[in-house]
>>> print(open('query-v3.csv').read())   # CSV, C-alpha atoms
chain,number,residue,atom,x,y,z
O,1403,ASN,CA,31.4,-36.5,65.5
O,1404,LYS,CA,28.7,-35.0,67.7
O,1405,ARG,CA,27.7,-32.7,64.9
O,1406,ALA,CA,27.2,-35.5,62.3
O,1407,PRO,CA,23.7,-36.5,63.5
O,1408,MET,CA,22.6,-32.9,63.6
O,1409,ARG,CA,24.0,-32.3,60.1
O,1410,LYS,CA,22.1,-35.4,58.8
O,1411,ALA,CA,18.9,-34.3,60.5
O,1412,LEU,CA,19.2,-30.9,58.9
O,1413,LEU,CA,19.8,-32.3,55.4
O,1414,LEU,CA,16.8,-34.6,55.8
O,1415,SER,CA,14.6,-31.6,56.9
O,1416,LEU,CA,15.8,-29.5,53.9
O,1417,ARG,CA,15.1,-32.4,51.5
O,1418,ALA,CA,11.6,-32.9,52.9
O,1419,SER,CA,10.9,-29.2,52.6
O,1420,THR,CA,12.1,-29.2,49.0
O,1421,LEU,CA,9.9,-32.2,48.1
O,1422,SER,CA,6.9,-30.6,49.8
O,1423,GLN,CA,7.4,-27.3,47.8
O,1424,ASN,CA,7.8,-29.2,44.5
O,1425,ALA,CA,4.7,-31.2,45.2
O,1426,TYR,CA,2.8,-28.0,45.9
O,1427,SER,CA,4.1,-26.4,42.8
O,1428,PHE,CA,3.2,-29.4,40.6
O,1429,SER,CA,-0.3,-29.5,42.2
O,1430,SER,CA,-0.8,-25.8,41.6
O,1431,TYR,CA,0.4,-26.1,38.0
O,1432,SER,CA,-1.8,-29.1,37.4
O,1433,LYS,CA,-4.9,-27.3,38.6
O,1434,LYS,CA,-4.1,-24.2,36.5
O,1435,HIS,CA,-3.4,-26.3,33.5
O,1436,SER,CA,-6.7,-28.2,33.9
O,1437,ALA,CA,-8.7,-25.0,34.3
O,1438,MET,CA,-7.1,-23.6,31.1
O,1439,MET,CA,-7.8,-26.7,29.2
O,1440,ALA,CA,-11.4,-26.8,30.3
O,1441,LYS,CA,-11.8,-23.1,29.4
O,1442,SER,CA,-10.2,-23.7,26.0
O,1443,THR,CA,-12.4,-26.7,25.3
O,1444,SER,CA,-15.5,-24.8,26.3
O,1445,LYS,CA,-14.7,-22.0,23.9
O,1446,LEU,CA,-14.0,-24.4,21.1
O,1447,MET,CA,-17.3,-26.2,21.6
O,1448,ALA,CA,-19.1,-22.9,21.7
O,1449,SER,CA,-17.4,-21.8,18.5
O,1450,SER,CA,-18.2,-25.0,16.8
O,1451,SER,CA,-21.8,-25.0,17.8
O,1452,THR,CA,-22.3,-21.7,16.0
O,1453,THR,CA,-20.9,-22.9,12.7
O,1454,ILE,CA,-21.9,-26.6,12.4
O,1455,SER,CA,-25.1,-28.1,13.6
O,1456,PRO,CA,-24.7,-31.7,14.5
O,1457,ALA,CA,-28.2,-32.4,13.2
O,1458,ILE,CA,-27.3,-31.2,9.7
O,1459,ILE,CA,-25.2,-33.7,7.7
O,1460,PRO,CA,-25.0,-34.5,4.0
O,1461,ARG,CA,-27.9,-36.7,3.0
O,1462,ALA,CA,-28.5,-38.9,0.0
O,1463,ALA,CA,-31.6,-38.1,-2.1
O,1464,VAL,CA,-33.1,-38.9,-5.5
O,1465,ALA,CA,-35.0,-36.9,-8.2
O,1466,VAL,CA,-36.8,-38.2,-11.2
O,1467,THR,CA,-36.7,-36.7,-14.7
O,1468,ALA,CA,-39.9,-38.1,-16.1
O,1469,GLN,CA,-40.4,-37.5,-19.8
O,1470,THR,CA,-43.3,-38.1,-22.2
O,1471,ILE,CA,-44.1,-37.2,-25.8
O,1472,LEU,CA,-47.5,-35.7,-26.6
O,1473,LEU,CA,-48.5,-37.1,-30.0
O,1474,ASN,CA,-49.7,-34.0,-31.9
O,1475,GLU,CA,-48.6,-32.1,-35.0
O,1476,ARG,CA,-45.3,-31.2,-33.2
O,1477,ASN,CA,-44.8,-34.3,-31.1
O,1478,GLU,CA,-43.7,-32.2,-28.1
O,1479,THR,CA,-41.6,-33.6,-25.4
O,1480,HIS,CA,-42.9,-32.8,-21.9
O,1481,TYR,CA,-41.3,-33.1,-18.4
O,1482,LEU,CA,-43.0,-33.6,-15.1
O,1483,LEU,CA,-42.5,-31.0,-12.4
O,1484,ILE,CA,-44.0,-30.7,-9.0
O,1485,GLN,CA,-44.5,-27.6,-6.9
O,1486,ARG,CA,-42.7,-28.1,-3.6
O,1487,LYS,CA,-44.7,-27.9,-0.4
O,1488,ASN,CA,-41.8,-27.9,2.1
O,1489,PRO,CA,-38.4,-26.3,2.4
O,1490,PRO,CA,-36.0,-26.1,0.7
O,1491,ASP,CA,-37.5,-24.1,-2.2
O,1492,ALA,CA,-41.0,-24.3,-0.9
O,1493,GLY,CA,-43.4,-23.0,-3.6
O,1494,LYS,CA,-41.0,-23.5,-6.4
O,1495,TRP,CA,-41.3,-26.0,-9.3
O,1496,SER,CA,-38.9,-28.9,-9.2
O,1497,LEU,CA,-38.4,-32.5,-10.2
O,1498,PRO,CA,-40.2,-35.0,-8.0
O,1499,GLY,CA,-38.0,-36.7,-5.5
O,1500,GLY,CA,-36.9,-36.9,-1.9
O,1501,LYS,CA,-34.6,-38.6,0.7
O,1502,ILE,CA,-33.4,-42.2,0.3
O,1503,GLU,CA,-34.4,-44.3,3.2
O,1504,LEU,CA,-32.0,-46.6,5.0
O,1505,GLY,CA,-31.5,-49.8,3.1
O,1506,GLU,CA,-33.3,-48.5,0.0
O,1507,ALA,CA,-31.8,-48.9,-3.5
O,1508,THR,CA,-31.6,-45.7,-5.5
O,1509,ILE,CA,-34.0,-46.6,-8.2
O,1510,ASP,CA,-36.5,-48.0,-5.6
O,1511,ALA,CA,-36.4,-44.6,-3.8
O,1512,ALA,CA,-36.9,-42.8,-7.1
O,1513,GLN,CA,-39.9,-45.0,-8.0
O,1514,ARG,CA,-41.4,-44.6,-4.5
O,1515,GLU,CA,-41.0,-40.8,-4.5
O,1516,LEU,CA,-42.6,-40.5,-8.0
O,1517,ALA,CA,-45.6,-42.5,-6.9
O,1518,GLU,CA,-46.0,-40.6,-3.6
O,1519,GLU,CA,-45.9,-37.2,-5.1
O,1520,THR,CA,-47.7,-37.7,-8.5
O,1521,HIS,CA,-49.4,-41.1,-8.4
O,1522,ILE,CA,-47.4,-42.2,-11.4
O,1523,LEU,CA,-46.6,-45.8,-10.8
O,1524,ALA,CA,-43.2,-47.4,-11.5
O,1525,ALA,CA,-44.9,-50.0,-13.8
O,1526,ASP,CA,-46.2,-47.1,-16.0
O,1527,CYS,CA,-42.7,-46.1,-16.9
O,1528,ASP,CA,-39.6,-47.3,-18.7
O,1529,TRP,CA,-36.7,-46.7,-16.3
O,1530,TYR,CA,-33.1,-46.2,-17.0
O,1531,PRO,CA,-31.5,-48.6,-14.5
O,1532,TYR,CA,-28.9,-46.2,-13.0
O,1533,PRO,CA,-28.7,-42.5,-12.2
O,1534,PHE,CA,-27.6,-40.5,-15.2
O,1535,MET,CA,-26.0,-37.6,-13.2
O,1536,THR,CA,-25.7,-36.2,-9.7
O,1537,THR,CA,-26.3,-32.7,-8.4
O,1538,ASP,CA,-25.7,-30.9,-5.1
O,1539,ALA,CA,-28.4,-29.1,-3.1
O,1540,ILE,CA,-26.7,-27.0,-0.4
O,1541,PHE,CA,-28.6,-24.3,1.4
O,1542,PRO,CA,-26.8,-22.0,4.0
O,1543,ASP,CA,-28.8,-20.6,6.8
O,1544,GLU,CA,-28.7,-17.1,8.5
O,1545,ASP,CA,-26.3,-18.3,11.2
O,1546,GLY,CA,-23.5,-19.1,8.9
O,1547,SER,CA,-24.2,-22.9,9.1
O,1548,TYR,CA,-26.3,-25.0,6.7
O,1549,ALA,CA,-30.0,-25.6,6.7
O,1550,PHE,CA,-29.9,-28.4,4.1
O,1551,HIS,CA,-27.3,-30.4,2.3
O,1552,TYR,CA,-28.3,-33.1,-0.2
O,1553,LEU,CA,-26.4,-35.1,-2.8
O,1554,ILE,CA,-29.1,-35.9,-5.4
O,1555,ALA,CA,-29.0,-39.0,-7.7
O,1556,GLN,CA,-30.8,-38.0,-10.9
O,1557,CYS,CA,-32.9,-40.8,-12.3
O,1558,PHE,CA,-34.7,-41.0,-15.7
O,1559,ALA,CA,-38.1,-42.5,-16.6
O,1560,ARG,CA,-40.1,-42.3,-19.8
O,1561,LEU,CA,-43.9,-42.6,-20.2
O,1562,GLY,CA,-45.6,-43.0,-23.5
O,1563,PRO,CA,-45.8,-41.5,-26.0
O,1564,HIS,CA,-49.4,-40.5,-25.4
O,1565,GLU,CA,-52.2,-38.7,-27.3
O,1566,ILE,CA,-53.2,-37.2,-24.0
O,1567,LEU,CA,-50.8,-36.2,-21.3
O,1568,PRO,CA,-50.8,-38.7,-18.4
O,1569,THR,CA,-53.0,-37.6,-15.4
O,1570,LEU,CA,-51.1,-36.4,-12.4
O,1571,GLU,CA,-52.3,-36.1,-8.8
O,1572,ALA,CA,-50.2,-34.0,-6.5
O,1573,ASN,CA,-49.7,-35.6,-3.1
O,1574,ASP,CA,-47.4,-35.9,-0.1
O,1575,ASP,CA,-44.7,-33.1,-0.5
O,1576,ALA,CA,-46.2,-31.7,-3.7
O,1577,LEU,CA,-48.6,-28.8,-3.8
O,1578,ASP,CA,-49.2,-29.3,-7.6
O,1579,ALA,CA,-47.9,-31.4,-10.5
O,1580,ARG,CA,-47.8,-30.5,-14.2
O,1581,TRP,CA,-46.3,-31.5,-17.5
O,1582,TRP,CA,-44.1,-28.8,-19.0
O,1583,THR,CA,-42.2,-28.4,-22.3
O,1584,ILE,CA,-38.6,-27.0,-22.0
O,1585,HIS,CA,-39.8,-23.8,-23.8
O,1586,GLU,CA,-42.6,-23.3,-21.2
O,1587,ILE,CA,-40.1,-23.8,-18.3
O,1588,GLU,CA,-37.7,-21.3,-19.9
O,1589,THR,CA,-40.3,-18.6,-20.7
O,1590,GLN,CA,-42.8,-19.0,-17.8
O,1591,LEU,CA,-40.9,-20.3,-14.8
O,1592,VAL,CA,-37.3,-19.1,-15.1
O,1593,PRO,CA,-38.0,-15.3,-15.5
O,1594,ASP,CA,-40.0,-15.4,-12.2
O,1595,GLN,CA,-37.4,-17.5,-10.5
O,1596,ALA,CA,-40.2,-20.0,-9.9
O,1597,VAL,CA,-38.1,-23.1,-10.6
O,1598,SER,CA,-35.4,-24.7,-8.4
O,1599,GLU,CA,-31.8,-24.1,-9.3
O,1600,ARG,CA,-30.2,-26.5,-11.8
O,1601,ILE,CA,-33.5,-28.2,-12.8
O,1602,LEU,CA,-33.0,-27.1,-16.4
O,1603,ASP,CA,-29.4,-28.3,-16.4
O,1604,VAL,CA,-30.7,-31.8,-15.5
O,1605,ILE,CA,-33.4,-31.7,-18.2
O,1606,TYR,CA,-30.9,-30.5,-20.8
O,1607,ARG,CA,-28.6,-33.4,-19.9
O,1608,ALA,CA,-31.5,-35.9,-20.1
O,1609,GLU,CA,-32.4,-34.5,-23.6
O,1610,GLU,CA,-28.8,-34.8,-24.8
O,1611,LEU,CA,-28.5,-38.4,-23.6
O,1612,CYS,CA,-31.8,-39.3,-25.2
O,1613,LYS,CA,-30.7,-37.9,-28.5
O,1614,LYS,CA,-27.5,-39.9,-28.3
O,1615,GLY,CA,-29.5,-43.0,-27.6
O,1616,SER,CA,-27.9,-43.5,-24.2
>>> encode(input="query-v3.csv", output="structure tokens")
Amino acid sequence: NKRAPMRKALLLSLRASTLSQNAYSFSSYSKKHSAMMAKSTSKLMASSSTTISPAIIPRAAVAVTAQTILLNERNETHYLLIQRKNPPDAGKWSLPGGKIELGEATIDAAQRELAEETHILAADCDWYPYPFMTTDAIFPDEDGSYAFHYLIAQCFARLGPHEILPTLEANDDALDARWWTIHEIETQLVPDQAVSERILDVIYRAEELCKKGS
């Protein structure tokens, strides 16, 4: 009977010691686990930053395939190209166009860009009311990420026909603006890689749809 209180006190002491050790072990594990998680997250963020730049996201853009017929003995069809001032493809010939602004309808953006880059006004053209195709413009950079990524809505406008090619005035993002036949693009620009990728594909598609009366 005299030993009962001593046994009880010993058991309580052992239990308190065990709880203290468990609490220390849990605290130590928690600190190690938190440190490992923080280190892992840091590595993941560092890895992600080298492959994806948060500033580069896919953007919506427009381009205009503007067509006119020069009334002569051959009635040649011409297409409007501008020489790009800024990247991507700075210095190359391309279709006029650019980024769609927030809240701007696709055709409104196409008409604005055409006027800004060539001074051809929307009222001077007959516009197909919807994009006739879309293209991608994806440009990787040297770090394994992407410098530009655009989804381009291709719009169509017709001017004329005219006995004299409509006057163009390069402005804004355009260094120069000219009317070209398909043959001239194929023989003068393509061999020197002086035209942006897929421009001829877009023009061929426009030609095909015009012949079908679309």
>>> closest_atom_pairs(input="query-v3.csv", of="stretch 1453-1505 of chain O", to="stretch 1513-1520 of chain O", cutoff="8 Å", atoms="all atoms listed in the file", output="CSV")
residue,atom,partner,partner_atom,distance
O:Val1466,CA,O:Leu1516,CA,7.0
O:Ile1484,CA,O:Glu1519,CA,7.8
O:Pro1498,CA,O:Leu1516,CA,6.0
O:Gly1499,CA,O:Glu1515,CA,5.2
O:Gly1500,CA,O:Glu1515,CA,6.2
>>> write_last_selection(input="query-v3.csv", atoms="C-alpha atoms", output="PDB file, keeping the file's coordinate frame")
ATOM      1  CA  VAL O1466     -36.800 -38.200 -11.200  1.00  0.00           C
ATOM      2  CA  ILE O1484     -44.000 -30.700  -9.000  1.00  0.00           C
ATOM      3  CA  PRO O1498     -40.200 -35.000  -8.000  1.00  0.00           C
ATOM      4  CA  GLY O1499     -38.000 -36.700  -5.500  1.00  0.00           C
ATOM      5  CA  GLY O1500     -36.900 -36.900  -1.900  1.00  0.00           C
TER       6      GLY O1500
END
>>> closest_residue(input="query-v3.csv", among="O:Leu1553, O:Ile1509, O:Ile1566, O:Ala1492", to="O:Leu1472", atoms="only C-alpha atoms")
O:Ile1566
>>> atom_distance(input="query-v3.csv", atom1="atom CA of O:Phe1550", atom2="atom CA of O:Ile1458")
6.8 Å
>>> closest_atom_pairs(input="query-v3.csv", of="stretch 1562-1596 of chain O", to="stretch 1601-1616 of chain O", cutoff="9 Å", atoms="only C-alpha atoms", output="CSV")
residue,atom,partner,partner_atom,distance
O:Ile1584,CA,O:Leu1602,CA,7.9
O:Ile1587,CA,O:Leu1602,CA,8.1
O:Glu1588,CA,O:Leu1602,CA,8.2
>>> write_last_selection(input="query-v3.csv", atoms="C-alpha atoms", output="PDB file, in the frame of the given file")
ATOM      1  CA  ILE O1584     -38.600 -27.000 -22.000  1.00  0.00           C
ATOM      2  CA  ILE O1587     -40.100 -23.800 -18.300  1.00  0.00           C
ATOM      3  CA  GLU O1588     -37.700 -21.300 -19.900  1.00  0.00           C
TER       4      GLU O1588
END
>>> closest_residue(input="query-v3.csv", among="O:Lys1501, O:Lys1494, O:Arg1486, O:Arg1560", to="O:Leu1591", atoms="all atoms listed in the file")
O:Lys1494
>>> residues_near_point(input="query-v3.csv", point="(-26.5, -48.1, -8.2)", cutoff="9 Å", atoms="all atoms listed in the file", output="list in words")
Ala1507, Thr1508, Ile1509, Pro1531, Tyr1532 and Pro1533 of chain O
>>> atom_distance(input="query-v3.csv", atom1="atom CA of O:Asp1491", atom2="atom CA of O:Tyr1552")
13.0 Å
>>> residues_near_point(input="query-v3.csv", point="(-48.5, -33.9, -12.2)", cutoff="12 Å", atoms="all atoms listed in the file", output="ChimeraX atom specification")
/O:1468-1469,1480-1486,1495-1498,1516-1522,1567-1573,1576-1582
>>> atom_distance(input="query-v3.csv", atom1="atom CA of O:His1564", atom2="atom CA of O:Tyr1530")
19.2 Å
>>> closest_residue(input="query-v3.csv", among="O:Gly1493, O:Pro1460, O:Gly1505, O:Gly1562", to="O:Asp1594", atoms="all atoms listed in the file")
O:Gly1493
>>> closest_residue(input="query-v3.csv", among="O:Asp1528, O:Glu1503, O:Glu1599, O:Glu1478", to="O:Cys1557", atoms="only C-alpha atoms")
O:Asp1528
>>> closest_residue(input="query-v3.csv", among="O:Ala1559, O:Pro1490, O:Phe1541, O:Ile1502", to="O:Val1597", atoms="only C-alpha atoms")
O:Pro1490
>>> closest_residue(input="query-v3.csv", among="O:Leu1561, O:Ser1598, O:Ile1459, O:Leu1504", to="O:Ser1547", atoms="all atoms listed in the file")
O:Ile1459
>>> decode(input="query-v3.csv", residues="stretch 1565-1585 of chain O", atoms="N, CA, C and O atoms", output="short mmCIF file (atom, residue, chain, number, x, y, z; two decimals), in the first residue's frame")
data_model
loop_
_atom_site.label_atom_id
_atom_site.label_comp_id
_atom_site.auth_asym_id
_atom_site.auth_seq_id
_atom_site.Cartn_x
_atom_site.Cartn_y
_atom_site.Cartn_z
N GLU O 1565 -7.48 51.73 -112.30
CA GLU O 1565 -6.56 51.90 -113.43
C GLU O 1565 -5.15 52.25 -112.93
O GLU O 1565 -4.16 52.03 -113.64
N ILE O 1566 -5.08 52.81 -111.72
CA ILE O 1566 -3.81 53.09 -111.06
C ILE O 1566 -3.87 52.49 -109.66
O ILE O 1566 -4.89 52.63 -108.97
N LEU O 1567 -2.82 51.85 -109.25
CA LEU O 1567 -2.82 51.23 -107.93
C LEU O 1567 -3.03 52.30 -106.85
O LEU O 1567 -2.44 53.38 -106.91
N PRO O 1568 -3.88 52.00 -105.86
CA PRO O 1568 -4.14 52.97 -104.79
C PRO O 1568 -2.85 53.39 -104.08
O PRO O 1568 -1.95 52.58 -103.85
N THR O 1569 -2.78 54.68 -103.75
CA THR O 1569 -1.60 55.22 -103.07
C THR O 1569 -1.51 54.70 -101.64
O THR O 1569 -2.51 54.64 -100.92
N LEU O 1570 -0.31 54.34 -101.27
CA LEU O 1570 -0.05 53.85 -99.91
C LEU O 1570 0.92 54.78 -99.21
O LEU O 1570 1.82 55.34 -99.83
N GLU O 1571 0.74 54.92 -97.90
CA GLU O 1571 1.65 55.72 -97.09
C GLU O 1571 2.01 54.93 -95.83
O GLU O 1571 1.19 54.80 -94.93
N ALA O 1572 3.23 54.42 -95.80
CA ALA O 1572 3.66 53.61 -94.66
C ALA O 1572 3.72 54.46 -93.40
O ALA O 1572 4.22 55.58 -93.42
N ASN O 1573 3.22 53.89 -92.33
CA ASN O 1573 3.17 54.64 -91.07
C ASN O 1573 3.15 53.66 -89.90
O ASN O 1573 3.06 52.45 -90.09
N ASP O 1574 3.25 54.17 -88.69
CA ASP O 1574 3.14 53.39 -87.46
C ASP O 1574 4.20 52.28 -87.45
O ASP O 1574 5.39 52.57 -87.39
N ASP O 1575 3.78 51.00 -87.50
CA ASP O 1575 4.72 49.87 -87.42
C ASP O 1575 5.28 49.47 -88.78
O ASP O 1575 5.97 48.44 -88.87
N ALA O 1576 5.00 50.24 -89.83
CA ALA O 1576 5.43 49.87 -91.18
C ALA O 1576 6.55 50.77 -91.66
O ALA O 1576 6.45 52.01 -91.60
N LEU O 1577 7.63 50.15 -92.15
CA LEU O 1577 8.72 50.91 -92.77
C LEU O 1577 8.38 51.30 -94.20
O LEU O 1577 8.77 52.37 -94.68
N ASP O 1578 7.65 50.42 -94.88
CA ASP O 1578 7.30 50.64 -96.28
C ASP O 1578 6.00 49.89 -96.56
O ASP O 1578 5.61 48.98 -95.80
N ALA O 1579 5.33 50.27 -97.63
CA ALA O 1579 4.08 49.60 -98.04
C ALA O 1579 4.03 49.57 -99.57
O ALA O 1579 4.32 50.59 -100.21
N ARG O 1580 3.68 48.38 -100.11
CA ARG O 1580 3.69 48.22 -101.57
C ARG O 1580 2.61 47.23 -101.99
O ARG O 1580 2.21 46.36 -101.22
N TRP O 1581 2.19 47.37 -103.24
CA TRP O 1581 1.33 46.38 -103.87
C TRP O 1581 2.20 45.36 -104.61
O TRP O 1581 3.13 45.74 -105.33
N TRP O 1582 1.88 44.08 -104.45
CA TRP O 1582 2.64 43.01 -105.08
C TRP O 1582 1.69 42.03 -105.77
O TRP O 1582 0.62 41.72 -105.24
N THR O 1583 2.11 41.51 -106.90
CA THR O 1583 1.41 40.35 -107.47
C THR O 1583 1.94 39.10 -106.78
O THR O 1583 3.03 39.11 -106.17
N ILE O 1584 1.20 38.01 -106.90
CA ILE O 1584 1.68 36.74 -106.32
C ILE O 1584 3.00 36.33 -106.97
O ILE O 1584 3.93 35.87 -106.29
N HIS O 1585 3.10 36.53 -108.27
CA HIS O 1585 4.33 36.17 -108.98
C HIS O 1585 5.52 36.96 -108.45
O HIS O 1585 6.63 36.41 -108.26
#
